[in-house]
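Engineer: Dropping in model_8.txt, with compact mmCIF, C-alpha atoms.
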# COMPACT_ATOMS: atom_id res chain seq x y z
CA MET A 1 211.19 19.08 57.56
CA GLU A 2 213.55 18.40 54.69
CA ASP A 3 216.49 16.19 55.49
CA GLU A 4 219.80 17.98 55.43
CA LEU A 5 223.42 17.10 55.61
CA VAL A 6 224.96 18.20 58.85
CA HIS A 7 228.17 17.99 60.88
CA VAL A 8 229.07 18.00 64.57
CA THR A 9 232.18 19.46 66.16
CA TYR A 10 234.27 18.44 69.12
CA SER A 11 234.20 20.46 72.32
CA SER A 12 237.20 20.70 74.63
CA GLY A 13 238.96 17.38 74.82
CA ASP A 14 239.93 17.68 78.47
CA GLY A 15 236.79 16.38 80.12
CA ASP A 16 234.96 18.08 82.98
CA PHE A 17 237.41 17.55 85.83
CA ASN A 18 240.99 18.32 84.97
CA ARG A 19 242.21 20.67 87.69
CA SER A 20 245.39 19.66 89.44
CA THR A 21 246.21 21.96 92.33
CA SER A 22 249.67 21.76 93.82
CA THR A 23 249.76 22.61 97.53
CA THR A 24 252.83 23.36 99.55
CA THR A 25 253.24 23.01 103.29
CA LYS A 26 254.69 25.89 105.26
CA ILE A 27 254.51 27.75 108.54
CA ALA A 28 251.49 30.00 108.36
CA ASN A 29 253.29 33.35 108.42
CA GLY A 30 256.29 32.19 106.47
CA HIS A 31 258.78 33.16 109.21
CA THR A 32 261.25 30.81 110.81
CA SER A 33 261.39 30.27 114.58
CA TYR A 34 264.68 30.78 116.38
CA GLN A 35 266.32 29.36 119.52
CA HIS A 36 267.93 32.27 121.46
CA GLU A 37 271.11 31.76 123.41
CA PRO A 38 270.57 33.44 126.81
CA TYR A 39 274.06 34.84 127.12
CA ARG A 40 276.29 36.31 124.50
CA SER A 41 279.68 37.78 125.15
CA SER A 42 280.02 41.33 123.92
CA SER A 43 281.48 44.57 124.89
CA ALA A 44 278.05 45.66 126.06
CA GLY A 45 277.60 42.63 128.28
CA ARG A 46 274.53 40.53 128.17
CA ASP A 47 271.86 40.98 125.37
CA LYS A 48 268.22 40.73 126.31
CA ILE A 49 265.54 39.77 123.75
CA SER A 50 261.90 40.18 124.74
CA CYS A 51 258.58 39.41 122.96
CA HIS A 52 257.45 42.50 121.11
CA ASN A 53 253.88 41.90 122.27
CA CYS A 54 254.02 40.65 125.89
CA ASP A 55 257.58 41.73 126.74
CA ARG A 56 258.38 38.24 127.91
CA ASN A 57 262.08 37.43 128.09
CA LEU A 58 262.83 35.10 125.17
CA ALA A 59 266.19 33.91 126.53
CA GLY A 60 266.46 30.17 125.98
CA SER A 61 263.02 30.07 124.22
CA ARG A 62 261.82 29.64 120.63
CA TYR A 63 260.54 32.77 119.04
CA ILE A 64 259.53 34.05 115.59
CA LEU A 65 260.63 37.20 113.86
CA LYS A 66 257.99 39.16 112.03
CA ASP A 67 258.94 42.44 110.42
CA ASP A 68 262.25 42.08 112.31
CA ARG A 69 260.38 41.97 115.61
CA PRO A 70 260.55 38.94 117.89
CA TYR A 71 257.37 37.26 119.14
CA CYS A 72 256.95 34.38 121.50
CA ILE A 73 255.13 31.44 120.01
CA LYS A 74 251.88 32.11 121.87
CA CYS A 75 251.70 35.77 120.94
CA TYR A 76 252.60 35.03 117.36
CA GLU A 77 249.89 32.37 117.01
CA ASP A 78 247.30 34.60 118.74
CA ARG A 79 248.02 37.56 116.50
CA PHE A 80 249.07 36.12 113.14
CA ALA A 81 248.19 32.41 112.76
CA ASN A 82 245.45 31.51 110.24
CA THR A 83 242.25 29.77 111.26
CA CYS A 84 241.53 26.34 109.77
CA ASP A 85 238.50 26.51 107.47
CA GLU A 86 237.41 23.03 108.55
CA CYS A 87 237.87 22.83 112.34
CA ARG A 88 237.95 26.61 112.99
CA ARG A 89 241.04 26.31 115.18
CA LYS A 90 244.28 28.21 114.85
CA ILE A 91 246.92 26.61 112.68
CA GLY A 92 249.91 26.62 115.02
CA THR A 93 253.51 27.02 114.07
CA ASP A 94 254.09 23.32 114.57
CA SER A 95 251.46 22.45 111.91
CA LYS A 96 251.48 22.71 108.13
CA ASP A 97 249.21 25.39 106.71
CA LEU A 98 247.56 24.41 103.39
CA SER A 99 246.06 27.35 101.56
CA TYR A 100 243.79 27.73 98.52
CA ARG A 101 242.10 30.94 97.40
CA ASP A 102 242.70 32.76 100.71
CA ARG A 103 241.40 29.81 102.71
CA HIS A 104 243.51 27.72 105.07
CA TRP A 105 243.45 24.21 106.48
CA HIS A 106 245.41 21.95 108.77
CA GLU A 107 246.98 19.18 106.77
CA LYS A 108 244.73 16.65 108.50
CA CYS A 109 241.65 18.81 107.80
CA PHE A 110 242.27 19.13 104.05
CA PHE A 111 240.02 16.30 102.76
CA CYS A 112 237.09 15.64 100.39
CA SER A 113 233.81 16.81 101.89
CA MET A 114 232.06 13.65 100.64
CA CYS A 115 234.38 10.67 100.98
CA LYS A 116 236.87 12.27 103.44
CA THR A 117 239.84 11.22 101.31
CA PRO A 118 242.94 13.40 102.10
CA LEU A 119 243.57 15.85 99.26
CA VAL A 120 247.20 16.75 99.99
CA ASP A 121 249.10 16.73 96.67
CA LYS A 122 246.02 15.37 94.86
CA PRO A 123 243.70 16.94 92.26
CA PHE A 124 240.62 18.51 93.80
CA ALA A 125 237.79 20.91 93.02
CA CYS A 126 236.05 23.51 95.14
CA ILE A 127 232.31 23.95 94.60
CA ASN A 128 230.19 26.17 96.87
CA GLU A 129 233.14 26.39 99.27
CA LYS A 130 233.30 22.61 99.62
CA LEU A 131 236.27 20.47 98.61
CA TYR A 132 235.82 17.42 96.36
CA CYS A 133 238.23 14.80 95.13
CA GLY A 134 238.18 14.09 91.40
CA GLU A 135 235.92 11.05 91.68
CA CYS A 136 233.34 12.71 93.91
CA TYR A 137 233.32 15.83 91.77
CA ASN A 138 232.59 13.79 88.66
CA GLN A 139 229.80 11.86 90.35
CA GLN A 140 228.16 15.03 91.62
CA PHE A 141 228.76 17.67 88.99
CA ALA A 142 230.31 16.35 85.78
CA THR A 143 228.21 16.44 82.61
CA ARG A 144 227.03 13.08 81.32
CA CYS A 145 226.58 11.51 77.94
CA ASP A 146 222.97 11.75 76.78
CA LYS A 147 223.13 8.19 75.46
CA CYS A 148 224.99 6.09 78.05
CA HIS A 149 224.56 8.59 80.93
CA GLN A 150 228.16 8.09 82.02
CA ILE A 151 230.43 11.03 82.83
CA PHE A 152 233.05 12.49 80.54
CA ARG A 153 236.38 11.44 82.00
CA PRO A 154 239.44 13.67 81.64
CA GLY A 155 240.99 13.25 78.21
CA THR A 156 237.81 11.95 76.55
CA LYS A 157 236.32 13.71 73.54
CA LYS A 158 232.85 15.16 73.71
CA LEU A 159 230.46 15.58 70.76
CA GLU A 160 227.71 18.18 70.95
CA TYR A 161 224.63 18.13 68.71
CA ARG A 162 221.32 19.97 69.17
CA GLY A 163 221.99 20.71 72.82
CA GLN A 164 222.98 17.13 73.64
CA GLN A 165 226.42 15.75 74.48
CA PHE A 166 227.83 12.35 73.54
CA HIS A 167 230.95 10.28 73.97
CA GLU A 168 232.63 9.83 70.63
CA HIS A 169 231.80 6.12 70.63
CA CYS A 170 228.19 6.77 71.69
CA PHE A 171 227.28 9.04 68.78
CA THR A 172 226.44 6.33 66.26
CA CYS A 173 224.36 5.73 63.14
CA TYR A 174 220.85 4.56 64.04
CA SER A 175 220.95 1.89 61.34
CA CYS A 176 224.45 0.34 61.38
CA SER A 177 225.47 1.45 64.91
CA GLN A 178 228.90 2.53 63.67
CA PRO A 179 230.39 5.67 65.31
CA ILE A 180 229.81 8.77 63.19
CA GLY A 181 232.53 10.89 64.78
CA THR A 182 233.14 14.06 62.77
CA LYS A 183 231.87 12.53 59.52
CA SER A 184 228.82 13.95 57.79
CA PHE A 185 225.42 12.50 58.65
CA ILE A 186 221.74 13.19 57.95
CA PRO A 187 219.05 13.42 60.67
CA ARG A 188 215.63 11.91 59.99
CA ASP A 189 212.73 11.51 62.45
CA GLN A 190 214.96 12.48 65.38
CA LYS A 191 217.51 9.80 64.41
CA SER A 192 220.96 10.20 62.90
CA TYR A 193 222.11 8.19 59.89
CA CYS A 194 225.52 7.94 58.27
CA ILE A 195 225.51 8.80 54.57
CA PRO A 196 225.67 5.19 53.24
CA CYS A 197 222.79 4.04 55.47
CA TYR A 198 220.66 7.06 54.64
CA GLU A 199 221.13 6.49 50.93
CA GLN A 200 220.35 2.80 51.33
CA HIS A 201 217.10 3.34 53.23
CA PHE A 202 215.71 6.71 52.17
CA ALA A 203 217.44 8.28 49.17
CA THR A 204 215.71 8.34 45.76
CA LYS A 205 217.16 5.69 43.45
CA CYS A 206 217.23 5.64 39.68
CA THR A 207 214.78 3.21 38.06
CA GLY A 208 217.39 2.31 35.48
CA CYS A 209 220.64 1.73 37.38
CA LEU A 210 219.19 1.55 40.94
CA LYS A 211 221.85 3.97 42.19
CA VAL A 212 221.15 7.03 44.31
CA ILE A 213 220.10 10.21 42.53
CA SER A 214 222.13 12.83 44.36
CA GLN A 215 221.05 15.78 42.23
CA GLY A 216 218.95 16.57 39.19
CA GLY A 217 217.23 13.64 37.50
CA VAL A 218 213.95 13.27 35.59
CA THR A 219 210.61 11.67 36.39
CA TYR A 220 208.59 9.59 33.95
CA LYS A 221 205.34 7.96 35.01
CA ASP A 222 206.17 8.70 38.66
CA GLN A 223 209.47 6.88 38.32
CA PRO A 224 212.81 8.69 38.98
CA TRP A 225 215.74 8.45 36.58
CA HIS A 226 219.23 9.86 36.24
CA ARG A 227 219.26 12.17 33.23
CA GLU A 228 221.91 10.01 31.63
CA CYS A 229 219.91 6.82 32.32
CA PHE A 230 216.64 8.01 30.77
CA THR A 231 217.37 7.02 27.17
CA CYS A 232 215.62 5.92 24.00
CA THR A 233 214.79 2.23 24.17
CA ASN A 234 216.18 1.70 20.68
CA CYS A 235 219.18 4.02 20.08
CA LYS A 236 220.05 4.68 23.76
CA ASN A 237 220.42 8.44 23.23
CA SER A 238 219.41 10.57 26.21
CA LEU A 239 215.81 11.76 26.22
CA ALA A 240 216.31 14.39 28.93
CA SER A 241 214.79 17.68 27.71
CA GLN A 242 213.88 15.96 24.42
CA ARG A 243 210.53 15.10 22.87
CA PHE A 244 209.75 11.41 22.93
CA THR A 245 206.90 8.96 22.43
CA ALA A 246 206.12 5.90 24.52
CA ARG A 247 205.02 2.52 23.26
CA ASP A 248 204.11 -0.33 25.62
CA GLY A 249 205.54 1.77 28.45
CA HIS A 250 208.95 2.22 26.79
CA PRO A 251 210.17 5.64 25.65
CA TYR A 252 211.48 6.24 22.15
CA CYS A 253 213.02 9.31 20.59
CA SER A 254 211.06 10.83 17.71
CA ASP A 255 213.30 9.40 15.01
CA CYS A 256 213.27 5.85 16.36
CA PHE A 257 209.54 5.86 17.03
CA ALA A 258 208.80 7.12 13.53
CA ARG A 259 211.08 4.54 11.95
CA LEU A 260 209.81 1.62 14.04
CA PHE A 261 206.14 2.24 14.78
CA ALA A 262 204.65 5.35 13.18
CA LYS A 263 201.89 5.16 10.55
CA ARG A 264 202.89 6.10 7.03
CA CYS A 265 201.11 8.80 5.12
CA PHE A 266 199.30 7.30 2.12
CA ALA A 267 200.20 10.34 0.04
CA CYS A 268 203.84 11.14 0.86
CA ALA A 269 204.87 7.84 2.49
CA LYS A 270 206.54 9.71 5.37
CA PRO A 271 205.86 8.69 8.99
CA ILE A 272 203.09 10.32 10.96
CA THR A 273 204.79 10.71 14.32
CA GLY A 274 202.07 12.43 16.29
CA VAL A 275 204.79 14.40 18.16
CA GLY A 276 203.65 17.79 19.38
CA GLY A 277 199.95 17.07 18.85
CA THR A 278 200.06 16.45 15.08
CA ARG A 279 196.64 15.67 13.57
CA TYR A 280 196.14 13.08 10.94
CA ILE A 281 193.30 11.63 8.89
CA SER A 282 192.34 7.95 8.88
CA PHE A 283 190.01 6.29 6.44
CA GLU A 284 189.64 2.54 6.33
CA ASP A 285 193.25 1.28 6.55
CA ARG A 286 194.85 4.41 5.12
CA HIS A 287 196.28 7.48 6.87
CA TRP A 288 197.24 10.99 5.73
CA HIS A 289 198.96 14.02 7.19
CA ASN A 290 196.49 16.89 7.38
CA ASP A 291 198.46 18.73 4.70
CA CYS A 292 198.52 15.65 2.45
CA PHE A 293 194.76 14.98 2.62
CA VAL A 294 193.83 16.78 -0.63
CA CYS A 295 191.80 16.12 -3.75
CA GLN A 296 193.83 14.12 -6.22
CA ARG A 297 192.65 16.35 -9.08
CA CYS A 298 192.43 19.95 -7.86
CA ARG A 299 194.72 19.58 -4.82
CA SER A 300 192.24 21.38 -2.57
CA SER A 301 192.20 20.32 1.08
CA LEU A 302 189.59 17.77 2.05
CA VAL A 303 190.04 18.23 5.79
CA GLY A 304 186.58 18.60 7.30
CA ARG A 305 184.82 18.00 3.94
CA GLY A 306 183.10 15.10 2.26
CA PHE A 307 184.94 13.30 -0.51
CA LEU A 308 184.62 10.62 -3.12
CA THR A 309 186.86 7.63 -3.67
CA GLU A 310 188.15 6.88 -7.09
CA GLY A 311 190.09 3.68 -6.92
CA PRO A 312 192.96 4.37 -4.55
CA ASN A 313 192.49 8.13 -4.95
CA ILE A 314 190.26 10.60 -3.16
CA ILE A 315 188.56 13.55 -4.87
CA CYS A 316 186.41 16.40 -3.74
CA PRO A 317 182.67 16.42 -4.59
CA ASP A 318 183.13 19.29 -7.07
CA CYS A 319 185.67 17.36 -9.12
CA GLY A 320 183.39 14.36 -8.97
CA LYS A 321 180.51 16.33 -10.48
CA ARG A 322 182.60 17.56 -13.37
CA GLU A 323 183.05 13.99 -14.60
CA PRO A 324 179.57 12.67 -15.49
CA SER A 325 181.15 9.55 -16.91
CA TYR A 326 182.38 8.76 -13.49
CA GLU A 327 179.14 7.19 -12.41
CA ARG A 328 178.59 5.40 -15.71
CA ASP A 329 182.05 3.84 -15.91
CA ASN A 330 182.72 3.48 -12.20
CA ASN A 331 179.50 2.37 -10.68
CA ASP A 332 181.35 1.18 -7.62
CA TYR A 333 182.31 4.75 -6.75
CA ALA A 334 179.01 6.51 -6.32
CA THR A 335 178.23 9.56 -4.23
CA ARG A 336 177.03 7.31 -1.48
CA HIS A 337 180.73 6.89 -0.61
CA ARG A 338 181.04 10.50 0.45
CA THR A 339 182.25 10.58 4.02
CA VAL A 340 183.04 13.40 6.47
CA ILE A 341 186.34 12.50 8.05
CA SER A 342 186.84 12.97 11.80
CA TYR A 343 190.10 14.33 13.19
CA HIS A 344 192.35 12.08 15.19
CA HIS A 345 194.58 13.87 17.69
CA ARG A 346 197.58 12.05 19.07
CA THR A 347 200.19 13.32 21.54
CA ASN A 348 203.15 11.69 23.16
Please re-express this file's structure in structure tokens.
Structural biologist:
Amino acid sequence: MEDELVHVTYSSGDGDFNRSTSTTTKIANGHTSYQHEPYRSSSAGRDKISCHNCDRNLAGSRYILKDDRPYCIKCYEDRFANTCDECRRKIGTDSKDLSYRDRHWHEKCFFCSMCKTPLVDKPFACINEKLYCGECYNQQFATRCDKCHQIFRPGTKKLEYRGQQFHEHCFTCYSCSQPIGTKSFIPRDQKSYCIPCYEQHFATKCTGCLKVISQGGVTYKDQPWHRECFTCTNCKNSLASQRFTARDGHPYCSDCFARLFAKRCFACAKPITGVGGTRYISFEDRHWHNDCFVCQRCRSSLVGRGFLTEGPNIICPDCGKREPSYERDNNDYATRHRTVISYHHRTN
């Protein structure tokens, strides 16, 4: 799989447990109890107040009004008091009723199901109808960092990458161990590397300047180069997308190679560069371009033909026959010197 540059993003920065539930204490039905005075002076004489349920005389007793109807304490608790979710007993009018999501508890019964710590006016969570303090909830249910396996506390940042979750300080470069955070990084072999470390250990580097090749580049003899670093050994002009010739492993542009190293044509004295597959003729210590290898007399091409030497010149056999004095006066240049020249093919 090709390495790629990737990023991670932060999830919610509030941690797993951040619920703070405020509970208030109150009488279960929300009505206030009253103390009735047994006698009241009025034009009608004495007033009598009785329990709406049992008809008990409430003179001199505490009672509770519900829907403007008086109830003695017992009848009120029997008919209207909530049942504690923990102990299953009625929550009397002399107790505080703590409620959460239509459930009710005595104040003393409202505690963590694991450590039994009272939860009145404290943060808590409710999972599967059980109450948990913040600490117990985190230990039991909070997600954990896939590196250090510790929980994500409220207020801590959480990094998610490829289905895993990390504390910000736990998501680090495999090489330098520095936190990556939201910076770019590159995964390799299931490990994450910051950009500087990845370039140091794995990125392709230029043979010339030893710096990272981030894009483009050229390859010469299996060695990578920046385009601007791959230059002629002599004039330092860029050779990228240019023809060049190598000598002793060093590249040269066509002009510099011709000027410094190329053979010279015996006829025209111009360099024989060999660029592009140019053919040339060699005989003894002399060299000719194909087009320059002609008979000195009739100018016909001698490429692929036999020839005679006449001093420094070369002539075709036909011109040699037309000069009978040639053999008399130039015994050193007999027909035995006729030679068929082989082609020499040179490329960069």
Engineer: For Pro70 of chain A, which residue among A:Ser184, A:Ser50, A:Asn138, A:Thr83 is the nearest when counting all atoms listed in the file?
Structural biologist: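 For Pro70 of chain A, the nearest of the given residues is A:Ser50.
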Engineer: Please return as a ChimeraX atom specification every residue within 10 Å of (242.4, 19.0, 108.8), taking into account all atoms listed in the file and the file's own coordinates.
Structural biologist: /A:84-89,91,96-98,104-111,118
Engineer: For atom CA of Asp121 of chain A and atom CA of Gly134 of chain A, quote the distance in Å rounded to one decimal.
Structural biologist: 12.4 Å
Engineer: Calculate how many Å separate atom CA of Gln200 of chain A from atom CA of Gln215 of chain A, rounding to one decimal.
Structural biologist: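 Atom CA of Gln215 of chain A lies 15.9 Å from atom CA of Gln200 of chain A.
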Engineer: Within 9 Å of Ile73 of chain A, counting only C-alpha atoms, which residues qualify if same-chain residues fewer than 4 places away don't, as a PDB file with C-alpha atoms, in the frame of the given file?
Structural biologist:
ATOM      1  CA  SER A  33     261.390  30.270 114.580  1.00  0.00           C
ATOM      2  CA  ARG A  62     261.820  29.640 120.630  1.00  0.00           C
ATOM      3  CA  TYR A  63     260.540  32.770 119.040  1.00  0.00           C
ATOM      4  CA  ILE A  64     259.530  34.050 115.590  1.00  0.00           C
ATOM      5  CA  GLU A  77     249.890  32.370 117.010  1.00  0.00           C
ATOM      6  CA  ASP A  78     247.300  34.600 118.740  1.00  0.00           C
ATOM      7  CA  GLY A  92     249.910  26.620 115.020  1.00  0.00           C
ATOM      8  CA  THR A  93     253.510  27.020 114.070  1.00  0.00           C
TER       9      THR A  93
END
Engineer: When you draw a straight line from atom CA of Ala81 of chain A to atom CA of Pro123 of chain A, how long is it in Å?
Structural biologist: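 Atom-to-atom, atom CA of Ala81 of chain A to atom CA of Pro123 of chain A, that is 26.1 Å.
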Engineer: Which residue is closest to Ala258 of chain A? Choose from A:Pro271, A:Gly60, A:Gly208, A:Pro196 and count all atoms listed in the file.
Structural biologist: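 Looking at the shortest contact to Ala258 of chain A, the residue is A:Pro271.
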Engineer: Can you pull out every residue within 12 Å of Lys191 of chain A, counting all atoms listed in the file, but drop anything in the same chain fewer than 2 positions away, and send it as a count of residues only?
Structural biologist: 18
Engineer: Would you mind telling me which residue in A:Cys136, A:Ser192, A:Val303, A:His52 lies nearest to Cys75 of chain A when using only C-alpha atoms?
Structural biologist: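 Closest candidate: A:His52.
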Engineer: For Lys74 of chain A, which of A:Ala59, A:Lys90, A:Arg286, A:Cys295 is the closest residue, counting only C-alpha atoms?
Structural biologist: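 Ranking A:Ala59, A:Lys90, A:Arg286, A:Cys295 by distance to Lys74 of chain A, first place goes to A:Lys90.
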Engineer: Pick from A:Asn290, A:Thr156, A:Gln139, A:Ser254: nearest to Leu302 of chain A, with all atoms listed in the file counted?
Structural biologist: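 Ranking A:Asn290, A:Thr156, A:Gln139, A:Ser254 by distance to Leu302 of chain A, first place goes to A:Asn290.
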